[in-house]
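Enquirer: The structure follows.
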Amino acid sequence: KRRHKHSDELEKKIQNHLTDSMKPPGADGDIWELFAEEGEMKIYRKELVEDGLICDPLKAVHSIGNVTAREMCHYFWDTDVRMEWEGTIESFRVIEVPEEFTTIIYQTHRRVWPSAQRDCLYLSSMVKVDNPPSVGDKIPHDTWIVCNFSVDHPEANPVSGCVRALIEIALICQTFITPPKDGGPITRDCLQCDIIYVANVNPGGWAPASVLRSIYKREYPKFLRRFTAYVQDKTRKLDI
Ligand SMILES: O=S(=O)(CCO)c1ccc(-c2ccc(C3CCCC3)c([C@@H]3C[C@@H]3c3ccccn3)c2)cc1
């Protein structure tokens, strides 16, 4: 069962995301504030301060056509294309590949004046979920998750002056297929991908609350817009 040093922790986090993060906002009795809405994309936040640091949890739900859950998770997980859609990291390095779909990444984020530059050191794993909880009465064709969470690593060789931000992030995607009425073959137009993105970022050190909250308000909608458009573009059949 224990495939690498972080296997147990990864399994536990994935189980937690499948039970907690897949619940619609508010189902957990918590008060989520809808702070951005664009079509199917709805982004919620909660105010949370831990040890004086702004750790506002974020939860986004979205649904887009013409892509599968596996494609969404693949492009989110695959470091080969990371800089094609990530707009806020300055550099990143794959430190270790503990197993085929699991990497350990060190990345630096663009400095947010007036606070110090942040870096993240995290494990990123892409997993197909076998027995997914079905949300509502729709039955998913398949469910995939990418789980990113902070770990330690002796070879991080961090950029000096960076403050280590701590992250707990998950992208959970489900494919829904609506076969064509005329019984024809299933095409991309029959696909719908439901997305849940949860992000818990601890800035790791002091930063002005107003500055952090305005970054979150700006960056998360931008990230979800840009990333989903990127995947739809990468998977679009070539215009013949
Ligand atoms: O989804 S991922 O796994 C994709 C891989 O990169 C991921 C997303 C976001 C972060 C992240 C780490 C640090 C910070 C801060 C904290 C103080 C100064 C920088 C932020 C701030 C919230 C803003 C932000 C929000 C969304 C996207 C990028 N930036 C975000 C890390 C990983």
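Each chain of the structure tokens is named A, B, ... in the order shown, its residues numbered from 1; ligands are numbered from 1 in display order.
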As a quick test: using only C-alpha atoms and all ligand atoms, which residues lie no more than 8 Å away from ligand 1? Give them as a ChimeraX atom specification.
Expert: /A:76,82,86-89,107,109-112,115,117-120,124,148-149,165-171,199,201-204,207,212,215-216,218-223
Enquirer: Do a neighbour search on Pro140 of chain A at 8 Å with only C-alpha atoms, toss out local chain neighbours closer than 5 positions, and write the hits as a PyMOL selection string.
Expert: chain A and resi 134+174-177
Enquirer: With DSSP run on the backbone, what are the strand (DSSP E or B) residues within segment 82-166 of chain A? I'd like them as a PyMOL selection string.
Expert: chain A and resi 89-99+102-109+118-129+142-150+163-164+166
Enquirer: Please save N, CA and C atoms of the selected residues as a compact mmCIF listing (two decimals), in the first residue's frame.
Expert:
```txt
# COMPACT_ATOMS: atom_id res chain seq x y z
N ILE A 89 3.39 32.04 -11.30
CA ILE A 89 4.64 31.50 -10.77
C ILE A 89 5.78 32.00 -11.63
N GLU A 90 6.90 32.28 -10.95
CA GLU A 90 8.08 32.84 -11.61
C GLU A 90 8.97 31.71 -12.11
N SER A 91 9.06 30.65 -11.32
CA SER A 91 9.89 29.50 -11.72
C SER A 91 9.38 28.28 -10.99
N PHE A 92 9.70 27.09 -11.52
CA PHE A 92 9.39 25.87 -10.77
C PHE A 92 10.39 24.80 -11.20
N ARG A 93 10.54 23.83 -10.32
CA ARG A 93 11.47 22.72 -10.60
C ARG A 93 10.83 21.43 -10.09
N VAL A 94 10.88 20.36 -10.87
CA VAL A 94 10.44 19.05 -10.36
C VAL A 94 11.62 18.47 -9.57
N ILE A 95 11.39 18.30 -8.26
CA ILE A 95 12.48 17.85 -7.38
C ILE A 95 12.60 16.34 -7.40
N GLU A 96 11.45 15.66 -7.45
CA GLU A 96 11.46 14.20 -7.37
C GLU A 96 10.19 13.67 -8.03
N VAL A 97 10.28 12.45 -8.60
CA VAL A 97 9.08 11.78 -9.15
C VAL A 97 8.93 10.46 -8.40
N PRO A 98 8.26 10.48 -7.22
CA PRO A 98 8.17 9.26 -6.39
C PRO A 98 7.48 8.09 -7.09
N GLU A 99 6.54 8.41 -7.99
CA GLU A 99 5.93 7.33 -8.79
C GLU A 99 5.31 7.97 -10.03
N THR A 102 2.98 11.04 -9.76
CA THR A 102 3.21 11.83 -8.54
C THR A 102 4.54 12.55 -8.66
N THR A 103 4.50 13.89 -8.52
CA THR A 103 5.75 14.66 -8.57
C THR A 103 5.87 15.51 -7.30
N ILE A 104 7.10 15.88 -6.97
CA ILE A 104 7.33 16.86 -5.90
C ILE A 104 7.94 18.08 -6.57
N ILE A 105 7.28 19.23 -6.39
CA ILE A 105 7.60 20.45 -7.13
C ILE A 105 8.00 21.57 -6.18
N TYR A 106 9.04 22.32 -6.58
CA TYR A 106 9.38 23.55 -5.86
C TYR A 106 9.10 24.71 -6.81
N GLN A 107 8.32 25.70 -6.37
CA GLN A 107 8.02 26.83 -7.25
C GLN A 107 8.08 28.14 -6.48
N THR A 108 8.45 29.20 -7.20
CA THR A 108 8.44 30.54 -6.60
C THR A 108 7.32 31.33 -7.28
N HIS A 109 6.63 32.13 -6.46
CA HIS A 109 5.54 32.97 -6.97
C HIS A 109 6.07 34.38 -7.16
N ARG A 118 7.02 34.62 -2.12
CA ARG A 118 6.62 33.30 -1.58
C ARG A 118 7.11 32.19 -2.48
N ASP A 119 7.40 31.04 -1.83
CA ASP A 119 7.67 29.82 -2.61
C ASP A 119 6.80 28.70 -2.02
N CYS A 120 6.63 27.65 -2.83
CA CYS A 120 5.85 26.48 -2.41
C CYS A 120 6.65 25.22 -2.74
N LEU A 121 6.55 24.25 -1.83
CA LEU A 121 7.19 22.94 -2.05
C LEU A 121 6.08 21.92 -1.79
N TYR A 122 5.66 21.22 -2.85
CA TYR A 122 4.46 20.40 -2.66
C TYR A 122 4.50 19.13 -3.51
N LEU A 123 3.70 18.18 -3.05
CA LEU A 123 3.52 16.94 -3.79
C LEU A 123 2.27 17.10 -4.66
N SER A 124 2.35 16.62 -5.90
CA SER A 124 1.24 16.75 -6.83
C SER A 124 0.94 15.38 -7.43
N SER A 125 -0.28 14.89 -7.18
CA SER A 125 -0.60 13.54 -7.63
C SER A 125 -1.93 13.51 -8.37
N MET A 126 -1.94 12.77 -9.48
CA MET A 126 -3.17 12.64 -10.28
C MET A 126 -3.68 11.21 -10.15
N VAL A 127 -4.95 11.08 -9.75
CA VAL A 127 -5.51 9.76 -9.42
C VAL A 127 -6.89 9.60 -10.05
N LYS A 128 -7.15 8.43 -10.63
CA LYS A 128 -8.52 8.12 -11.07
C LYS A 128 -9.27 7.60 -9.86
N VAL A 129 -10.47 8.13 -9.63
CA VAL A 129 -11.25 7.73 -8.44
C VAL A 129 -12.17 6.60 -8.83
N ASP A 142 -16.69 9.08 -15.36
CA ASP A 142 -15.48 8.83 -14.56
C ASP A 142 -15.16 10.07 -13.73
N THR A 143 -14.33 9.86 -12.73
CA THR A 143 -13.94 10.92 -11.80
C THR A 143 -12.43 10.89 -11.62
N TRP A 144 -11.79 12.06 -11.77
CA TRP A 144 -10.34 12.18 -11.58
C TRP A 144 -10.06 13.29 -10.59
N ILE A 145 -8.96 13.17 -9.87
CA ILE A 145 -8.57 14.20 -8.91
C ILE A 145 -7.07 14.46 -9.02
N VAL A 146 -6.70 15.74 -8.91
CA VAL A 146 -5.28 16.10 -8.70
C VAL A 146 -5.23 16.72 -7.31
N CYS A 147 -4.33 16.21 -6.48
CA CYS A 147 -4.18 16.69 -5.11
C CYS A 147 -2.78 17.27 -4.95
N ASN A 148 -2.72 18.55 -4.58
CA ASN A 148 -1.42 19.23 -4.36
C ASN A 148 -1.35 19.63 -2.90
N PHE A 149 -0.33 19.14 -2.19
CA PHE A 149 -0.20 19.57 -0.78
C PHE A 149 1.25 19.70 -0.39
N SER A 150 1.50 20.65 0.50
CA SER A 150 2.88 20.99 0.91
C SER A 150 3.57 19.83 1.61
N VAL A 163 9.53 33.37 1.52
CA VAL A 163 8.75 32.87 2.66
C VAL A 163 7.94 31.68 2.15
N ARG A 164 7.98 30.55 2.84
CA ARG A 164 7.33 29.32 2.39
C ARG A 164 5.83 29.38 2.60
N LEU A 166 2.13 27.60 2.46
CA LEU A 166 1.67 26.20 2.61
C LEU A 166 0.36 26.04 1.85
```
Enquirer: Between A:Arg188, A:Arg2, A:Lys138, A:Lys217, which one has atoms that come closest to Arg45 of chain A, using only C-alpha atoms?
Expert: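 With only C-alpha atoms as the atom set, the closest residue is A:Lys217.
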Enquirer: Check the DSSP output for the backbone and give back, as number ranges by chain, the residues of segment 7-231 of chain A in alpha helix (DSSP H).
Expert: A: 7-16, 69-77, 82-85, 209-231
Enquirer: Restricting the calculation to only C-alpha atoms, which member of A:Lys234, A:Asp194, A:Glu9, A:Gly26 is positioned closest to Ile139 of chain A?
Expert: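 Result for the nearest residue to Ile139 of chain A: A:Asp194.
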Enquirer: For a test of reading the model, state the distance in Å between atom CA of Phe101 of chain A and atom CA of Leu58 of chain A, rounded to one decimal.
Expert: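 That distance, rounded to one decimal, is 25.0 Å.
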Enquirer: Using only C-alpha atoms, which residues sit within 9 Å of segment 62-68 of chain A once same-chain residues fewer than 6 positions away are excluded, as a list of chain:residue names?
Expert: A:Gly39, A:Glu40, A:Met41, A:Lys42, A:Ile43, A:Asp142, A:Cys173, A:Gln174, A:Thr175, A:Phe176, A:Thr187, A:Arg188, A:Asp189, A:Cys190, A:Leu191, A:Gln192, A:Cys193, A:Asp194, A:Ile195, A:Ile196, A:Tyr197, A:Leu224, A:Thr228, A:Val231, A:Gln232, A:Thr235, A:Arg236
Enquirer: Do a neighbour search on Trp206 of chain A at 9 Å with only C-alpha atoms, toss out local chain neighbours closer than 4 positions, and write the hits as a list in words.
Expert: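 Listing them by chain and then by number gives Gly52, Leu53, Ile54, Ser115 and Ala116 of chain A.
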